[in-house]
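The data block below is query.cif; it holds mmCIF, C-alpha atoms.
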data_input
loop_
_atom_site.group_PDB
_atom_site.id
_atom_site.type_symbol
_atom_site.label_atom_id
_atom_site.label_comp_id
_atom_site.auth_asym_id
_atom_site.auth_seq_id
_atom_site.Cartn_x
_atom_site.Cartn_y
_atom_site.Cartn_z
ATOM 1 C CA MET V 180 -108.581 171.967 177.746
ATOM 2 C CA ASN V 181 -107.098 168.611 178.747
ATOM 3 C CA SER V 182 -103.934 167.178 177.218
ATOM 4 C CA ASN V 183 -105.777 164.878 174.808
ATOM 5 C CA LYS V 184 -107.847 167.733 173.442
ATOM 6 C CA ARG V 185 -104.732 169.885 173.098
ATOM 7 C CA SER V 186 -103.012 167.059 171.195
ATOM 8 C CA ASN V 187 -105.994 166.693 168.869
ATOM 9 C CA GLN V 188 -106.034 170.395 168.074
ATOM 10 C CA GLN V 189 -102.258 170.595 167.820
ATOM 11 C CA ASN V 190 -102.191 167.783 165.283
ATOM 12 C CA VAL V 191 -104.671 169.616 163.076
ATOM 13 C CA ASP V 192 -102.916 172.969 163.475
ATOM 14 C CA ASN V 193 -99.503 171.447 162.811
ATOM 15 C CA LEU V 194 -100.701 169.830 159.600
ATOM 16 C CA ASP V 195 -101.490 173.335 158.397
ATOM 17 C CA VAL V 196 -97.945 174.431 159.308
ATOM 18 C CA LEU V 197 -96.473 171.423 157.480
ATOM 19 C CA THR V 198 -98.607 172.112 154.413
ATOM 20 C CA GLU V 199 -97.666 175.785 154.213
ATOM 21 C CA LYS V 200 -93.966 174.977 154.486
ATOM 22 C CA ALA V 201 -94.188 172.203 151.879
ATOM 23 C CA THR V 202 -95.779 174.545 149.339
ATOM 24 C CA THR V 203 -92.630 176.713 149.369
ATOM 25 C CA PHE V 204 -90.158 173.922 148.620
ATOM 26 C CA THR V 205 -87.891 174.112 145.592
ATOM 27 C CA PRO V 206 -87.913 171.835 143.733
ATOM 28 C CA GLY V 207 -91.601 171.388 144.307
ATOM 29 C CA TYR V 208 -93.080 169.018 146.881
ATOM 30 C CA ASP V 209 -94.386 166.200 144.674
ATOM 31 C CA PRO V 210 -94.937 162.791 146.349
ATOM 32 C CA SER V 211 -96.059 159.886 144.191
ATOM 33 C CA GLU V 212 -98.752 158.904 146.706
ATOM 34 C CA GLU V 213 -101.845 161.060 146.399
ATOM 35 C CA ARG V 214 -102.593 160.754 150.122
ATOM 36 C CA LEU V 215 -99.403 162.742 150.853
ATOM 37 C CA SER V 216 -100.230 165.528 148.389
ATOM 38 C CA ILE V 217 -100.743 169.173 149.280
ATOM 39 C CA ALA V 218 -104.331 168.905 148.026
ATOM 40 C CA ASN V 219 -105.059 166.020 150.406
ATOM 41 C CA HIS V 220 -103.358 167.880 153.253
ATOM 42 C CA LYS V 221 -105.775 170.753 152.758
ATOM 43 C CA LEU V 222 -108.786 168.438 152.678
ATOM 44 C CA LEU V 223 -107.601 166.754 155.859
ATOM 45 C CA LYS V 224 -107.180 170.117 157.567
ATOM 46 C CA ILE V 225 -110.793 170.991 156.752
ATOM 47 C CA SER V 226 -112.000 167.573 157.934
ATOM 48 C CA GLY V 227 -109.924 167.838 161.105
ATOM 49 C CA ASP V 228 -111.378 171.230 161.968
ATOM 50 C CA GLN V 229 -114.885 169.921 161.308
ATOM 51 C CA VAL V 230 -114.594 166.804 163.473
ATOM 52 C CA LEU V 231 -113.019 168.732 166.351
ATOM 53 C CA LEU V 232 -115.767 171.351 166.217
ATOM 54 C CA ASN V 233 -118.372 168.582 166.130
ATOM 55 C CA VAL V 234 -116.859 166.967 169.237
ATOM 56 C CA VAL V 235 -116.921 170.277 171.108
ATOM 57 C CA THR V 236 -120.507 170.971 170.041
ATOM 58 C CA THR V 237 -121.844 167.523 170.914
ATOM 59 C CA GLU V 238 -119.967 167.373 174.223
ATOM 60 C CA ARG V 239 -121.416 170.754 175.163
ATOM 61 C CA ALA V 240 -124.892 169.436 174.357
ATOM 62 C CA CYS V 241 -124.132 166.394 176.519
ATOM 63 C CA ASP V 242 -122.987 168.617 179.398
ATOM 64 C CA ASN V 243 -126.202 170.622 179.082
ATOM 65 C CA ALA V 244 -128.234 167.404 179.174
ATOM 66 C CA ILE V 245 -126.388 166.304 182.316
ATOM 67 C CA SER V 246 -127.148 169.653 183.983
ATOM 68 C CA ALA V 247 -130.782 169.476 182.937
ATOM 69 C CA ARG V 248 -131.118 165.927 184.247
ATOM 70 C CA LYS V 249 -129.484 166.911 187.525
ATOM 71 C CA ALA V 250 -131.943 169.802 187.909
ATOM 72 C CA VAL V 251 -134.883 167.431 187.430
ATOM 73 C CA PHE V 252 -133.461 164.873 189.859
ATOM 74 C CA ASP V 253 -132.395 167.400 192.529
ATOM 75 C CA SER V 254 -135.757 167.400 194.293
ATOM 76 C CA PHE V 255 -136.339 163.712 193.638
ATOM 77 C CA ASP V 256 -135.071 162.229 196.910
ATOM 78 C CA SER V 257 -136.928 164.797 198.990
ATOM 79 C CA LEU V 258 -140.136 164.056 197.093
ATOM 80 C CA VAL V 259 -139.762 160.319 197.718
ATOM 81 C CA THR V 260 -139.154 160.997 201.424
ATOM 82 C CA ARG V 261 -142.342 163.034 201.652
ATOM 83 C CA ALA V 262 -144.330 160.413 199.743
ATOM 84 C CA ILE V 263 -143.198 157.514 201.934
ATOM 85 C CA ASN V 264 -144.002 159.559 205.026
ATOM 86 C CA ALA V 265 -147.468 160.295 203.639
ATOM 87 C CA LEU V 266 -147.910 156.537 203.225
ATOM 88 C CA ARG V 267 -146.719 155.887 206.785
ATOM 89 C CA ILE V 268 -149.417 158.115 208.262
ATOM 90 C CA SER V 269 -152.145 156.616 206.098
ATOM 91 C CA GLU V 270 -154.574 154.020 207.427
ATOM 92 C CA VAL V 271 -152.850 151.072 205.830
ATOM 93 C CA PRO V 272 -151.475 147.750 207.134
ATOM 94 C CA ASP V 273 -147.877 147.630 208.274
ATOM 95 C CA GLN V 274 -147.163 145.164 205.495
ATOM 96 C CA THR V 275 -148.162 147.754 202.901
ATOM 97 C CA ILE V 276 -145.867 150.330 204.475
ATOM 98 C CA SER V 277 -143.082 147.760 204.454
ATOM 99 C CA GLN V 278 -143.640 147.167 200.765
ATOM 100 C CA GLY V 279 -143.311 150.881 200.083
ATOM 101 C CA GLU V 280 -140.204 151.157 202.235
ATOM 102 C CA SER V 281 -138.640 148.193 200.452
ATOM 103 C CA ILE V 282 -139.085 149.868 197.071
ATOM 104 C CA VAL V 283 -137.684 153.134 198.411
ATOM 105 C CA ARG V 284 -134.657 151.290 199.777
ATOM 106 C CA ASP V 285 -134.036 149.842 196.332
ATOM 107 C CA LEU V 286 -134.581 153.247 194.799
ATOM 108 C CA ARG V 287 -131.996 154.834 197.100
ATOM 109 C CA ASN V 288 -129.709 151.813 197.287
ATOM 110 C CA LYS V 289 -129.911 151.881 201.084
ATOM 111 C CA ARG V 290 -129.996 149.251 203.800
ATOM 112 C CA ALA V 291 -133.233 148.705 205.692
ATOM 113 C CA SER V 292 -131.817 150.289 208.839
ATOM 114 C CA GLU V 293 -131.291 153.546 206.986
ATOM 115 C CA ILE V 294 -134.928 154.056 206.074
ATOM 116 C CA ASP V 295 -137.285 151.904 208.176
ATOM 117 C CA THR V 296 -137.385 154.238 211.173
ATOM 118 C CA PRO V 297 -137.702 157.978 210.554
ATOM 119 C CA ALA V 298 -135.184 160.018 212.545
ATOM 120 C CA LYS V 299 -136.850 162.240 215.150
ATOM 121 C CA SER V 300 -135.814 165.660 216.331
ATOM 122 C CA GLU V 301 -136.367 166.807 219.920
ATOM 123 C CA GLU V 302 -139.666 168.335 218.841
ATOM 124 C CA GLY V 303 -140.811 164.950 217.505
ATOM 125 C CA THR V 304 -140.640 165.805 213.802
ATOM 126 C CA GLU V 305 -138.590 163.993 211.198
ATOM 127 C CA ASN V 306 -135.246 165.592 210.538
ATOM 128 C CA GLU V 307 -134.556 166.689 206.998
ATOM 129 C CA GLU V 308 -131.976 164.593 205.235
ATOM 130 C CA SER V 309 -128.538 166.100 204.956
ATOM 131 C CA PRO V 310 -127.351 167.239 201.523
ATOM 132 C CA LYS V 311 -125.006 164.246 201.435
ATOM 133 C CA THR V 312 -127.881 161.824 202.062
ATOM 134 C CA ASN V 313 -130.092 163.740 199.673
ATOM 135 C CA LYS V 314 -127.773 163.061 196.775
ATOM 136 C CA ILE V 315 -128.967 160.400 194.370
ATOM 137 C CA ARG V 316 -126.623 157.533 195.175
ATOM 138 C CA GLY V 317 -125.856 154.181 193.615
ATOM 139 C CA GLY V 318 -127.370 152.440 190.658
ATOM 140 C CA SER V 319 -128.168 153.830 187.224
ATOM 141 C CA PHE V 320 -130.715 156.516 186.490
ATOM 142 C CA ASN V 321 -132.730 153.930 184.593
ATOM 143 C CA THR V 322 -132.890 151.750 187.706
ATOM 144 C CA LYS V 323 -133.973 154.673 189.862
ATOM 145 C CA ILE V 324 -136.666 155.607 187.370
ATOM 146 C CA GLU V 325 -137.953 152.022 187.256
ATOM 147 C CA ASN V 326 -138.072 151.768 191.053
ATOM 148 C CA PHE V 327 -139.854 155.110 191.261
ATOM 149 C CA ARG V 328 -142.419 153.755 188.797
ATOM 150 C CA LYS V 329 -142.925 150.689 191.012
ATOM 151 C CA PHE V 330 -143.379 152.963 194.028
ATOM 152 C CA ILE V 331 -146.038 155.013 192.243
ATOM 153 C CA VAL V 332 -147.830 151.878 191.054
ATOM 154 C CA LEU V 333 -147.981 150.675 194.661
ATOM 155 C CA LEU V 334 -149.344 154.016 195.861
ATOM 156 C CA SER V 335 -151.954 153.978 193.097
ATOM 157 C CA THR V 336 -153.371 150.711 194.489
ATOM 158 C CA ILE V 337 -153.824 152.123 198.012
ATOM 159 C CA PRO V 338 -157.148 153.971 198.411
ATOM 160 C CA ALA V 339 -156.017 155.325 201.795
ATOM 161 C CA TYR V 340 -153.093 157.153 200.177
ATOM 162 C CA LYS V 341 -154.733 160.500 199.454
ATOM 163 C CA PRO V 342 -152.427 163.376 200.453
ATOM 164 C CA LYS V 343 -153.758 166.903 200.099
ATOM 165 C CA GLU V 344 -150.374 168.181 198.953
ATOM 166 C CA ALA V 345 -150.696 168.516 195.177
ATOM 167 C CA ASP V 346 -147.195 167.301 194.331
ATOM 168 C CA LEU V 347 -147.650 164.106 196.362
ATOM 169 C CA THR V 348 -150.741 162.860 194.560
ATOM 170 C CA VAL V 349 -150.382 159.831 192.328
ATOM 171 C CA ASP V 350 -151.101 161.922 189.228
ATOM 172 C CA SER V 351 -148.391 164.428 190.147
ATOM 173 C CA LEU V 352 -145.930 161.653 190.887
ATOM 174 C CA TYR V 353 -146.601 160.190 187.455
ATOM 175 C CA GLU V 354 -145.908 163.618 185.960
ATOM 176 C CA LYS V 355 -142.615 163.701 187.857
ATOM 177 C CA LEU V 356 -141.802 160.233 186.558
ATOM 178 C CA GLU V 357 -142.316 161.399 182.986
ATOM 179 C CA SER V 358 -140.050 164.397 183.517
ATOM 180 C CA LEU V 359 -137.344 162.103 184.904
ATOM 181 C CA LYS V 360 -137.687 159.742 181.953
ATOM 182 C CA GLN V 361 -137.550 162.596 179.470
ATOM 183 C CA ALA V 362 -134.483 164.216 181.047
ATOM 184 C CA ASN V 363 -132.674 160.882 181.119
ATOM 185 C CA ALA V 364 -133.631 160.090 177.529
ATOM 186 C CA VAL V 365 -132.272 163.448 176.349
ATOM 187 C CA PHE V 366 -128.978 162.699 178.082
ATOM 188 C CA VAL V 367 -128.751 159.172 176.665
ATOM 189 C CA THR V 368 -129.248 160.531 173.143
ATOM 190 C CA ALA V 369 -126.777 163.384 173.640
ATOM 191 C CA ASP V 370 -124.190 160.999 175.068
ATOM 192 C CA ALA V 371 -124.533 158.652 172.101
ATOM 193 C CA VAL V 372 -124.162 161.537 169.641
ATOM 194 C CA ALA V 373 -121.050 162.806 171.454
ATOM 195 C CA GLU V 374 -119.546 159.317 171.465
ATOM 196 C CA ALA V 375 -120.169 159.012 167.712
ATOM 197 C CA ALA V 376 -118.485 162.388 167.170
ATOM 198 C CA ARG V 377 -115.408 161.215 169.074
ATOM 199 C CA ARG V 378 -115.271 158.028 167.004
ATOM 200 C CA GLN V 379 -115.393 160.055 163.788
ATOM 201 C CA ARG V 380 -112.666 162.362 165.111
ATOM 202 C CA ASP V 381 -110.459 159.350 165.784
ATOM 203 C CA ILE V 382 -111.037 158.024 162.269
ATOM 204 C CA VAL V 383 -110.136 161.336 160.627
ATOM 205 C CA LEU V 384 -107.123 162.018 162.839
ATOM 206 C CA TYR V 385 -105.784 158.605 163.787
ATOM 207 C CA ALA V 386 -106.807 155.918 161.293
ATOM 208 C CA GLY V 387 -103.861 153.894 160.034
ATOM 209 C CA LYS V 388 -102.361 155.282 156.789
ATOM 210 C CA THR V 389 -105.409 157.422 155.955
ATOM 211 C CA GLY V 390 -105.603 159.422 159.200
ATOM 212 C CA LEU V 391 -104.229 162.945 159.504
ATOM 213 C CA VAL V 392 -101.391 162.001 161.854
ATOM 214 C CA ASP V 393 -100.111 159.058 159.809
ATOM 215 C CA ILE V 394 -100.271 161.132 156.625
ATOM 216 C CA ALA V 395 -98.416 164.014 158.275
ATOM 217 C CA MET V 396 -95.698 161.699 159.581
ATOM 218 C CA ASP V 397 -95.356 159.960 156.225
ATOM 219 C CA SER V 398 -95.209 163.344 154.512
ATOM 220 C CA LYS V 399 -92.285 164.324 156.723
ATOM 221 C CA LEU V 400 -90.631 161.030 155.860
ATOM 222 C CA TYR V 401 -91.163 161.772 152.161
ATOM 223 C CA VAL V 402 -89.439 165.140 152.606
ATOM 224 C CA LYS V 403 -86.516 163.382 154.278
ATOM 225 C CA SER V 404 -86.373 160.899 151.406
ATOM 226 C CA ALA V 405 -86.813 163.393 148.563
ATOM 227 C CA TYR V 406 -84.572 166.206 149.776
ATOM 228 C CA GLY V 407 -82.224 164.471 152.203
ATOM 229 C CA ALA V 408 -81.900 164.330 155.979
ATOM 230 C CA ARG V 409 -79.593 167.372 156.003
ATOM 231 C CA SER V 410 -81.597 169.448 153.566
ATOM 232 C CA SER V 411 -83.094 172.798 154.488
ATOM 233 C CA GLN V 412 -86.489 171.423 153.492
ATOM 234 C CA PHE V 413 -86.347 168.578 155.998
ATOM 235 C CA LYS V 414 -84.881 170.801 158.691
ATOM 236 C CA SER V 415 -87.859 173.150 158.288
ATOM 237 C CA VAL V 416 -90.402 170.375 158.943
ATOM 238 C CA SER V 417 -88.535 167.912 161.173
ATOM 239 C CA GLY V 418 -89.496 169.748 164.361
ATOM 240 C CA ILE V 419 -93.228 169.844 163.594
ATOM 241 C CA LYS V 420 -94.786 167.474 166.142
ATOM 242 C CA PHE V 421 -97.614 165.040 165.574
ATOM 243 C CA THR V 422 -98.929 162.786 168.346
ATOM 244 C CA ARG V 423 -100.641 159.454 167.917
ATOM 245 C CA LYS V 424 -103.623 158.629 170.117
ATOM 246 C CA LYS V 425 -102.593 156.767 173.263
#

Could you quickly redo this structure as structure tokens?
Amino acid sequence: MNSNKRSNQQNVDNLDVLTEKATTFTPGYDPSEERLSIANHKLLKISGDQVLLNVVTTERACDNAISARKAVFDSFDSLVTRAINALRISEVPDQTISQGESIVRDLRNKRASEIDTPAKSEEGTENEESPKTNKIRGGSFNTKIENFRKFIVLLSTIPAYKPKEADLTVDSLYEKLESLKQANAVFVTADAVAEAARRQRDIVLYAGKTGLVDIAMDSKLYVKSAYGARSSQFKSVSGIKFTRKK
């Protein structure tokens, strides 16, 4: 748990400590402002627990969506490499091959020199790309998906592109495109939900005057005012820490 998450949880937990101590005060803890009341403290504690749990839940869903998207994209670069090579060996004009290579360069965010000429091993076969090269690099997932769509559209217009490998056919490539789009869409939704959960957490915990931290700090100030700076009541709560969002 990072420091910000610890601070969030500590603020909520420490409000509970403050509330329990305040309920034991004699004479009774009785601020004139309702927002500083024991009843409101308890409501804020419940709300704080709820928003923190919601952040954890939605961030976990977002992490799962990232992992799922990564799994779908892991074989993506290799598939594109195989498809462009299948185009290269087809009976098509050089200009058509160049068009395909141009789209693939955009898709991979590479310079022309990195893709135009396939690397050859001593046996005369193309070397497999290293894991570092195989990683999806540069640009957004949306951009990669759009360039992949353009690549498939180009292949679909070339009668000579007819690989026997099932996963290289235009229909299969379109199926792959849909899986990429779906995985990315799931992530985008999960990310938006997680972001909304964090915003709600910040409202509940850190909003001016009405947030948990401001109320806790003002409640401590009320204790100092009502019972005195040297009172046992204030001494019992003065060390309870609350941290504002940086």

When you look at stretch 357-364 of chain V with a cut-off of 8 Å (counting all atoms listed in the file), what residues show up, excluding the ones that are within fewer than 4 positions of it in the same chain? I need them as a list in words.
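My list of contacting residues is Ala244, Ala247, Arg248, Val251, Phe252, Phe320, Asn321, Ile324, Tyr353 and Thr368 of chain V.
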
Apply the PyMOL selection byres ((chain V and resi 256-266) around 7) to the file shown and report the selected residues as a ChimeraX atom specification.
/V:254-255,267-269,276,279,313,315,340,342,347

Once the PyMOL selection byres ((chain V and resi 372) around 12) has been applied to the shown file, what residues remain in the selection, as number ranges by chain?
V: 233-241, 244, 365-371, 373-379

Length of the atom CA of V:Thr422 to atom CA of V:Glu199 vector [Å]:
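Taking atom CA of V:Thr422 as the start and atom CA of V:Glu199 as the end point, the length is 19.2 Å.
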
Any idea what the distance is between atom CA of V:Gly387 and atom CA of V:Val230?
17.1 Å

What's the separation between atom CA of V:Gln278 and atom CA of V:Lys329, in Å to one decimal place?
10.4 Å

Got a sec: who's within 12 Å of V:Asn183, counting all atoms listed in the file, leaving out chain neighbours fewer than 2 positions off, as a PyMOL selection string?
chain V and resi 180-181+185-190+231+377+381+422-425

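Take the candidates V:Ser351, V:Lys341, V:Ser226, V:Ser398 and check each one against V:Asp209 using all atoms listed in the file; the shortest distance goes to V:Ser398.
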
Convert the output of the PyMOL selection byres ((chain V and resi 402) around 12) on the shown file into explicit residues, formatted as a PDB file with C-alpha atoms, in the coordinates of the input.
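The result, written out as selection-v7.pdb:
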ATOM      1  CA  LEU V 197     -96.473 171.423 157.480  1.00  0.00           C
ATOM      2  CA  THR V 198     -98.607 172.112 154.413  1.00  0.00           C
ATOM      3  CA  LYS V 200     -93.966 174.977 154.486  1.00  0.00           C
ATOM      4  CA  ALA V 201     -94.188 172.203 151.879  1.00  0.00           C
ATOM      5  CA  THR V 202     -95.779 174.545 149.339  1.00  0.00           C
ATOM      6  CA  PHE V 204     -90.158 173.922 148.620  1.00  0.00           C
ATOM      7  CA  THR V 205     -87.891 174.112 145.592  1.00  0.00           C
ATOM      8  CA  PRO V 206     -87.913 171.835 143.733  1.00  0.00           C
ATOM      9  CA  GLY V 207     -91.601 171.388 144.307  1.00  0.00           C
ATOM     10  CA  TYR V 208     -93.080 169.018 146.881  1.00  0.00           C
ATOM     11  CA  ASP V 209     -94.386 166.200 144.674  1.00  0.00           C
ATOM     12  CA  PRO V 210     -94.937 162.791 146.349  1.00  0.00           C
ATOM     13  CA  SER V 211     -96.059 159.886 144.191  1.00  0.00           C
ATOM     14  CA  LEU V 215     -99.403 162.742 150.853  1.00  0.00           C
ATOM     15  CA  SER V 216    -100.230 165.528 148.389  1.00  0.00           C
ATOM     16  CA  ALA V 395     -98.416 164.014 158.275  1.00  0.00           C
ATOM     17  CA  MET V 396     -95.698 161.699 159.581  1.00  0.00           C
ATOM     18  CA  ASP V 397     -95.356 159.960 156.225  1.00  0.00           C
ATOM     19  CA  SER V 398     -95.209 163.344 154.512  1.00  0.00           C
ATOM     20  CA  LYS V 399     -92.285 164.324 156.723  1.00  0.00           C
ATOM     21  CA  LEU V 400     -90.631 161.030 155.860  1.00  0.00           C
ATOM     22  CA  TYR V 401     -91.163 161.772 152.161  1.00  0.00           C
ATOM     23  CA  LYS V 403     -86.516 163.382 154.278  1.00  0.00           C
ATOM     24  CA  SER V 404     -86.373 160.899 151.406  1.00  0.00           C
ATOM     25  CA  ALA V 405     -86.813 163.393 148.563  1.00  0.00           C
ATOM     26  CA  TYR V 406     -84.572 166.206 149.776  1.00  0.00           C
ATOM     27  CA  GLY V 407     -82.224 164.471 152.203  1.00  0.00           C
ATOM     28  CA  ALA V 408     -81.900 164.330 155.979  1.00  0.00           C
ATOM     29  CA  ARG V 409     -79.593 167.372 156.003  1.00  0.00           C
ATOM     30  CA  SER V 410     -81.597 169.448 153.566  1.00  0.00           C
ATOM     31  CA  SER V 411     -83.094 172.798 154.488  1.00  0.00           C
ATOM     32  CA  GLN V 412     -86.489 171.423 153.492  1.00  0.00           C
ATOM     33  CA  PHE V 413     -86.347 168.578 155.998  1.00  0.00           C
ATOM     34  CA  LYS V 414     -84.881 170.801 158.691  1.00  0.00           C
ATOM     35  CA  SER V 415     -87.859 173.150 158.288  1.00  0.00           C
ATOM     36  CA  VAL V 416     -90.402 170.375 158.943  1.00  0.00           C
ATOM     37  CA  SER V 417     -88.535 167.912 161.173  1.00  0.00           C
TER      38      SER V 417
END

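Distances to V:Asp285 were evaluated for V:Ile337, V:Asp350, V:Lys249, V:Glu325 using all atoms listed in the file, and the minimum falls at V:Glu325.
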
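Closest to V:Asp393 among V:Ser246, V:Ile225, V:Ser335, V:Phe421 is V:Phe421, based on only C-alpha atoms.
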
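Comparing V:Arg214, V:Lys224, V:Lys343, V:Lys355 by their smallest distance to V:Arg328, the closest is V:Lys355 (using only C-alpha atoms).
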
Can you sort out stretch 190-203 of chain V so it carries N, CA and C atoms, written as an mmCIF file, in the frame of the given file?
data_model
loop_
_atom_site.group_PDB
_atom_site.id
_atom_site.type_symbol
_atom_site.label_atom_id
_atom_site.label_comp_id
_atom_site.auth_asym_id
_atom_site.auth_seq_id
_atom_site.Cartn_x
_atom_site.Cartn_y
_atom_site.Cartn_z
ATOM 1 N N ASN V 190 -102.411 168.586 166.483
ATOM 2 C CA ASN V 190 -102.191 167.783 165.283
ATOM 3 C C ASN V 190 -102.793 168.452 164.056
ATOM 4 N N VAL V 191 -104.014 168.953 164.203
ATOM 5 C CA VAL V 191 -104.671 169.616 163.076
ATOM 6 C C VAL V 191 -103.947 170.912 162.723
ATOM 7 N N ASP V 192 -103.615 171.705 163.723
ATOM 8 C CA ASP V 192 -102.916 172.969 163.475
ATOM 9 C C ASP V 192 -101.543 172.740 162.851
ATOM 10 N N ASN V 193 -100.848 171.706 163.322
ATOM 11 C CA ASN V 193 -99.503 171.447 162.811
ATOM 12 C C ASN V 193 -99.512 170.903 161.391
ATOM 13 N N LEU V 194 -100.598 170.238 161.004
ATOM 14 C CA LEU V 194 -100.701 169.830 159.600
ATOM 15 C C LEU V 194 -100.736 171.063 158.709
ATOM 16 N N ASP V 195 -101.424 172.092 159.157
ATOM 17 C CA ASP V 195 -101.490 173.335 158.397
ATOM 18 C C ASP V 195 -100.098 173.947 158.258
ATOM 19 N N VAL V 196 -99.316 173.916 159.346
ATOM 20 C CA VAL V 196 -97.945 174.431 159.308
ATOM 21 C C VAL V 196 -97.105 173.629 158.310
ATOM 22 N N LEU V 197 -97.211 172.298 158.387
ATOM 23 C CA LEU V 197 -96.473 171.423 157.480
ATOM 24 C C LEU V 197 -96.844 171.710 156.030
ATOM 25 N N THR V 198 -98.135 171.872 155.778
ATOM 26 C CA THR V 198 -98.607 172.112 154.413
ATOM 27 C C THR V 198 -98.072 173.423 153.864
ATOM 28 N N GLU V 199 -98.131 174.472 154.675
ATOM 29 C CA GLU V 199 -97.666 175.785 154.213
ATOM 30 C C GLU V 199 -96.174 175.763 153.922
ATOM 31 N N LYS V 200 -95.404 175.074 154.732
ATOM 32 C CA LYS V 200 -93.966 174.977 154.486
ATOM 33 C C LYS V 200 -93.689 174.176 153.213
ATOM 34 N N ALA V 201 -94.427 173.064 153.036
ATOM 35 C CA ALA V 201 -94.188 172.203 151.879
ATOM 36 C C ALA V 201 -94.492 172.915 150.564
ATOM 37 N N THR V 202 -95.429 173.829 150.569
ATOM 38 C CA THR V 202 -95.779 174.545 149.339
ATOM 39 C C THR V 202 -94.669 175.480 148.870
ATOM 40 N N THR V 203 -93.715 175.786 149.731
ATOM 41 C CA THR V 203 -92.630 176.713 149.369
ATOM 42 C C THR V 203 -91.373 175.999 148.888
#
